[in-house]
Amino acid sequence: MTLLAVERIKLFTTRSPWWGTLIALAIAIGFAALTTATADEGFVSVGSTQFGQFFALTVVMVLAALAITTEYRFGTIRTTFQAIPNRVSALLAKTTVVSSLALAIGVLAAFGALGVSALIAPEADLALTSAADWRQVAGNGLVYALAAVLALAVGILLRHSAAAIAVLLIYTAVIESLTPIIPEIGSTIHEWMPFNVVEKFLSGDGSTRAVAEAGPPLSTSTLSPWLALAYFAAIAFGMLALALAVAHRRDA
Amino acid sequence: MIEAKGLTKRYGETTAVNDLSFAAEPGVVTGFLGPNGAGKSTTMRMILGLDRPTSGSVTVSGKRYHELRHPLRTVGALIDARWVHPNRSARSHLRWMAKSNDIPQRRVDEVLETVGLTSVANKKAGGFSLGMSQRLGIAGALLGDPEVLMFDEPVNGLDPEGILWIRRFMHRLADEGRTVFVSSHLLSEMALTAQDLVVIGKGELIAQCSTADFVSRATEDAVKVRSPQLAEFRPLLADAGASVRGTDGGVLVSGMDSDTIGDLAARHQVVLHELSPQQGSLEQAFMQITGDSVEYASDFDHDARAATELAGTGS
């Protein structure tokens, strides 16, 4: 518990987490407001309100990566390891605190987006009536938390803010979306790429949408929604385990 | 008490620290002296468990660093004053450190008071001058009221007032019975600060002794002698056990004081034109002792060393 308190103090005594939180919420909620306000009739649905989640999620991943890379950048990681020689505990505490914040942001962003859409289009059917509806909205909390774990792991491994952010952005925005164009094997590989798989957990087979275009492309994964989340979690924690092992071995 | 045994650190082909053994005792300031690049910081990082020794070990109060339960309560260290987040206030920086080792939060205000930062406690550390950062670093080191304190080049870049403050402060800490281990590349600074010295060059131990011993050994006196009968006098001096260097114009005699040289000259009726004791500076002497172990020697260093030899202190 002490270590969690330490990381909480560290996280909230600088400004960037506050800014990151505000920007993520503004993107998710603003996107929902925009799409709902400009939508044609019969477009607005639970699914369509969550259109902007991926962009907000990217901001949260940057926030999470920065939470660790700034410690390397400013040398406070050494002060941290001086105070807490058990590096694995120290980094696990940070991961817990940062991914908890990410979870809170994900839940707020999702319900905020749903709420603002309900205000703008009171006639639309935005009631959460099925398990798929709940996953599409509340599920963002879990996805944000796991993505933060993944981003922290990348940050621990690379130690440089610019490098970690570049890797995360290029991977999520470019590599995953371009993989399907590789001839023959491209779509098979894409089927198992983590952000594609986790979309299966969120939007499932598209039952939360009134029209298919009311959201990002549906996942090509053949896993069930909860297996898809488990797969994403396994990748995030696998990366974290690797990062902790490396941090434990190397010189700080 | 800090004890290193056979401490070695290699980075690939480069050996930063080689088979280093020393001890720093409580109640005195121990200077950790060596030229830049001698391996002082690497050694200090190994003491703190930040770098992993390739071989050998180092203990603080009898334990390896990672075995200490609340390490900040045993060892306080200032390795780099810039190790703070620039957007975090001085108080917040100390607050998380205190929390991590179960140190009461009131200690934060106490140490801020001790180093004189109370008035800027809520200001961002990024706006601090080097002197203020240095004080914040010292506050962090004092937080856990530790029995062992380590400072890496604490006076670097400070103004004379700041240097004096740190020097007095370290004496006070040692007088309280703590182990104070402070690194520097300046012998003149250490001569004023430290009672004991651990001297290293190129990662290897050169000497561990009291500062007084090291200084007197380092600044072995020489006497300049000019005489028209130098050709006769030279062998006489050598026979008497002195070492003589130099050419016809004048020689430097070491291992014999000026009185003895004068008596010897009188006894053999040698005319002297000059008989003057020379004392080299501490820095020259230190350069001579560690001269061969400077990691990054330049042409300029060679010139400087040549100048030192001409000035003729010691052998």
# chains A, B, ... in the order shown; residues from 1 in each chain; ligands from 1
>>> interface_residues(of="chain A", to="chain B", cutoff="9 Å", atoms="only C-alpha atoms", output="VMD selection string")
chain A and resid 2 to 3 5 to 10 13 to 15 70 to 71 73 to 86 249 to 252
>>> residues_around(residues="Val180 of chain B", least_positions_apart="5", cutoff="12 Å", atoms="only C-alpha atoms", output="ChimeraX atom specification")
/B:1-2,23-32,60,75-78,141-142,146-152,167,169-175,193-197
>>> closest_residue(among="A:Leu150, A:Ile181, A:Ile23, A:Ala145", to="Leu168 of chain A", atoms="only C-alpha atoms")
A:Leu150
>>> select_by_dssp(residues="segment 156-211 of chain B", states="alpha helix (DSSP H)", output="JSON, numbers by chain")
{"B": [160, 161, 162, 163, 164, 165, 166, 167, 168, 169, 170, 171, 172, 173, 174, 175, 187, 188, 189, 190, 191, 192, 193, 211]}
>>> closest_residue(among="B:Glu161, B:Lys224, B:Val58, B:Glu232", to="Ile261 of chain B", atoms="only C-alpha atoms")
B:Lys224
>>> residues_around(residues="Leu205 of chain B", least_positions_apart="2", cutoff="6 Å", atoms="only C-alpha atoms", output="PyMOL selection string")
chain B and resi 20+200+207
>>> residues_around(residues="Val107 of chain A", least_positions_apart="6", cutoff="7 Å", atoms="only C-alpha atoms", output="short mmCIF file (atom, residue, chain, number, x, y, z; two decimals) with all heavy atoms, in the first residue's frame")
data_model
loop_
_atom_site.label_atom_id
_atom_site.label_comp_id
_atom_site.auth_asym_id
_atom_site.auth_seq_id
_atom_site.Cartn_x
_atom_site.Cartn_y
_atom_site.Cartn_z
N ALA A 138 -18.93 0.30 -20.92
CA ALA A 138 -18.14 0.10 -19.69
C ALA A 138 -16.84 -0.64 -19.99
O ALA A 138 -15.83 -0.44 -19.30
CB ALA A 138 -18.96 -0.66 -18.67
N ASN A 140 -14.68 -0.12 -22.04
CA ASN A 140 -13.56 0.76 -22.31
C ASN A 140 -12.63 0.91 -21.09
O ASN A 140 -11.42 1.09 -21.26
CB ASN A 140 -14.06 2.15 -22.74
CG ASN A 140 -14.42 2.17 -24.21
OD1 ASN A 140 -13.57 1.99 -25.06
ND2 ASN A 140 -15.70 2.38 -24.50
N GLY A 141 -13.21 0.87 -19.90
CA GLY A 141 -12.39 0.96 -18.69
C GLY A 141 -11.31 -0.11 -18.68
O GLY A 141 -10.12 0.18 -18.49
#
>>> residues_around(residues="Thr114 of chain B", least_positions_apart="2", cutoff="10 Å", atoms="only C-alpha atoms", output="count of residues only")
12
>>> closest_residue(among="A:Leu218, A:Val46, A:Leu66, A:Ala109", to="Tyr144 of chain A", atoms="only C-alpha atoms")
A:Ala109
>>> residues_around(residues="Ala67 of chain A", least_positions_apart="6", cutoff="8 Å", atoms="only C-alpha atoms", output="ChimeraX atom specification")
/A:11,17,98,152
>>> residues_around(residues="Leu34 of chain A", least_positions_apart="6", cutoff="12 Å", atoms="only C-alpha atoms", output="PDB file with all heavy atoms, in the first residue's frame")
ATOM      1  N   ALA A  26     -11.822  15.044 -23.403  1.00  0.00           N
ATOM      2  CA  ALA A  26     -12.322  15.997 -24.400  1.00  0.00           C
ATOM      3  C   ALA A  26     -12.453  15.330 -25.761  1.00  0.00           C
ATOM      4  O   ALA A  26     -13.440  15.546 -26.468  1.00  0.00           O
ATOM      5  CB  ALA A  26     -11.384  17.200 -24.475  1.00  0.00           C
ATOM      6  N   ILE A  27     -11.476  14.496 -26.120  1.00  0.00           N
ATOM      7  CA  ILE A  27     -11.535  13.833 -27.427  1.00  0.00           C
ATOM      8  C   ILE A  27     -12.726  12.872 -27.491  1.00  0.00           C
ATOM      9  O   ILE A  27     -13.546  12.931 -28.403  1.00  0.00           O
ATOM     10  CB  ILE A  27     -10.221  13.075 -27.729  1.00  0.00           C
ATOM     11  CG1 ILE A  27      -9.098  14.080 -27.996  1.00  0.00           C
ATOM     12  CG2 ILE A  27     -10.386  12.132 -28.919  1.00  0.00           C
ATOM     13  CD1 ILE A  27      -7.739  13.441 -28.196  1.00  0.00           C
ATOM     14  N   ALA A  28     -12.826  12.002 -26.465  1.00  0.00           N
ATOM     15  CA  ALA A  28     -13.893  10.985 -26.501  1.00  0.00           C
ATOM     16  C   ALA A  28     -15.264  11.633 -26.482  1.00  0.00           C
ATOM     17  O   ALA A  28     -16.156  11.279 -27.270  1.00  0.00           O
ATOM     18  CB  ALA A  28     -13.734  10.026 -25.317  1.00  0.00           C
ATOM     19  N   VAL A  44     -27.522   7.282 -34.914  1.00  0.00           N
ATOM     20  CA  VAL A  44     -27.078   7.312 -33.521  1.00  0.00           C
ATOM     21  C   VAL A  44     -27.492   6.039 -32.797  1.00  0.00           C
ATOM     22  O   VAL A  44     -28.648   5.615 -32.856  1.00  0.00           O
ATOM     23  CB  VAL A  44     -27.640   8.549 -32.803  1.00  0.00           C
ATOM     24  CG1 VAL A  44     -27.237   8.543 -31.327  1.00  0.00           C
ATOM     25  CG2 VAL A  44     -27.158   9.819 -33.475  1.00  0.00           C
ATOM     26  N   SER A  48     -22.296   4.041 -31.951  1.00  0.00           N
ATOM     27  CA  SER A  48     -21.810   5.264 -32.605  1.00  0.00           C
ATOM     28  C   SER A  48     -21.280   6.284 -31.600  1.00  0.00           C
ATOM     29  O   SER A  48     -20.420   7.091 -31.930  1.00  0.00           O
ATOM     30  CB  SER A  48     -22.914   5.884 -33.459  1.00  0.00           C
ATOM     31  OG  SER A  48     -23.791   6.651 -32.662  1.00  0.00           O
ATOM     32  N   THR A  49     -21.785   6.248 -30.360  1.00  0.00           N
ATOM     33  CA  THR A  49     -21.314   7.228 -29.369  1.00  0.00           C
ATOM     34  C   THR A  49     -19.864   6.961 -28.981  1.00  0.00           C
ATOM     35  O   THR A  49     -19.194   7.826 -28.433  1.00  0.00           O
ATOM     36  CB  THR A  49     -22.164   7.196 -28.082  1.00  0.00           C
ATOM     37  OG1 THR A  49     -22.022   5.913 -27.466  1.00  0.00           O
ATOM     38  CG2 THR A  49     -23.630   7.465 -28.375  1.00  0.00           C
ATOM     39  N   GLN A  50     -19.358   5.740 -29.259  1.00  0.00           N
ATOM     40  CA  GLN A  50     -18.009   5.362 -28.820  1.00  0.00           C
ATOM     41  C   GLN A  50     -16.989   5.450 -29.960  1.00  0.00           C
ATOM     42  O   GLN A  50     -15.898   4.904 -29.867  1.00  0.00           O
ATOM     43  CB  GLN A  50     -18.030   3.936 -28.231  1.00  0.00           C
ATOM     44  CG  GLN A  50     -19.054   3.753 -27.115  1.00  0.00           C
ATOM     45  CD  GLN A  50     -18.796   4.679 -25.936  1.00  0.00           C
ATOM     46  OE1 GLN A  50     -17.654   4.858 -25.511  1.00  0.00           O
ATOM     47  NE2 GLN A  50     -19.852   5.307 -25.409  1.00  0.00           N
ATOM     48  N   PHE A  51     -17.386   6.145 -31.020  1.00  0.00           N
ATOM     49  CA  PHE A  51     -16.552   6.271 -32.215  1.00  0.00           C
ATOM     50  C   PHE A  51     -15.131   6.790 -31.890  1.00  0.00           C
ATOM     51  O   PHE A  51     -14.139   6.327 -32.436  1.00  0.00           O
ATOM     52  CB  PHE A  51     -17.224   7.235 -33.199  1.00  0.00           C
ATOM     53  CG  PHE A  51     -17.004   6.884 -34.635  1.00  0.00           C
ATOM     54  CD1 PHE A  51     -18.033   7.065 -35.571  1.00  0.00           C
ATOM     55  CD2 PHE A  51     -15.794   6.372 -35.076  1.00  0.00           C
ATOM     56  CE1 PHE A  51     -17.843   6.745 -36.904  1.00  0.00           C
ATOM     57  CE2 PHE A  51     -15.602   6.054 -36.409  1.00  0.00           C
ATOM     58  CZ  PHE A  51     -16.623   6.239 -37.328  1.00  0.00           C
ATOM     59  N   GLY A  52     -15.050   7.740 -30.976  1.00  0.00           N
ATOM     60  CA  GLY A  52     -13.759   8.404 -30.742  1.00  0.00           C
ATOM     61  C   GLY A  52     -12.866   7.749 -29.699  1.00  0.00           C
ATOM     62  O   GLY A  52     -11.796   8.268 -29.364  1.00  0.00           O
ATOM     63  N   ALA A 113     -19.276  10.112 -23.198  1.00  0.00           N
ATOM     64  CA  ALA A 113     -19.648  10.138 -24.615  1.00  0.00           C
ATOM     65  C   ALA A 113     -21.113   9.714 -24.796  1.00  0.00           C
ATOM     66  O   ALA A 113     -21.865  10.327 -25.556  1.00  0.00           O
ATOM     67  CB  ALA A 113     -18.733   9.192 -25.404  1.00  0.00           C
ATOM     68  N   VAL A 116     -23.368  12.646 -23.354  1.00  0.00           N
ATOM     69  CA  VAL A 116     -23.471  13.863 -24.162  1.00  0.00           C
ATOM     70  C   VAL A 116     -24.310  13.586 -25.413  1.00  0.00           C
ATOM     71  O   VAL A 116     -25.081  14.436 -25.861  1.00  0.00           O
ATOM     72  CB  VAL A 116     -22.068  14.422 -24.513  1.00  0.00           C
ATOM     73  CG1 VAL A 116     -21.386  13.627 -25.622  1.00  0.00           C
ATOM     74  CG2 VAL A 116     -22.145  15.891 -24.908  1.00  0.00           C
ATOM     75  N   SER A 117     -24.234  12.344 -25.924  1.00  0.00           N
ATOM     76  CA  SER A 117     -25.054  11.991 -27.078  1.00  0.00           C
ATOM     77  C   SER A 117     -26.533  11.959 -26.703  1.00  0.00           C
ATOM     78  O   SER A 117     -27.388  12.404 -27.475  1.00  0.00           O
ATOM     79  CB  SER A 117     -24.635  10.622 -27.620  1.00  0.00           C
ATOM     80  OG  SER A 117     -23.274  10.649 -27.982  1.00  0.00           O
ATOM     81  N   ILE A 120     -27.795  15.448 -26.674  1.00  0.00           N
ATOM     82  CA  ILE A 120     -27.937  16.079 -27.990  1.00  0.00           C
ATOM     83  C   ILE A 120     -29.072  15.435 -28.782  1.00  0.00           C
ATOM     84  O   ILE A 120     -29.822  16.102 -29.486  1.00  0.00           O
ATOM     85  CB  ILE A 120     -26.606  15.986 -28.771  1.00  0.00           C
ATOM     86  CG1 ILE A 120     -25.541  16.833 -28.070  1.00  0.00           C
ATOM     87  CG2 ILE A 120     -26.773  16.441 -30.217  1.00  0.00           C
ATOM     88  CD1 ILE A 120     -24.139  16.636 -28.579  1.00  0.00           C
ATOM     89  N   ALA A 121     -29.195  14.098 -28.657  1.00  0.00           N
ATOM     90  CA  ALA A 121     -30.237  13.383 -29.410  1.00  0.00           C
ATOM     91  C   ALA A 121     -31.133  12.604 -28.454  1.00  0.00           C
ATOM     92  O   ALA A 121     -31.018  11.385 -28.354  1.00  0.00           O
ATOM     93  CB  ALA A 121     -29.590  12.448 -30.438  1.00  0.00           C
TER      94      ALA A 121
END
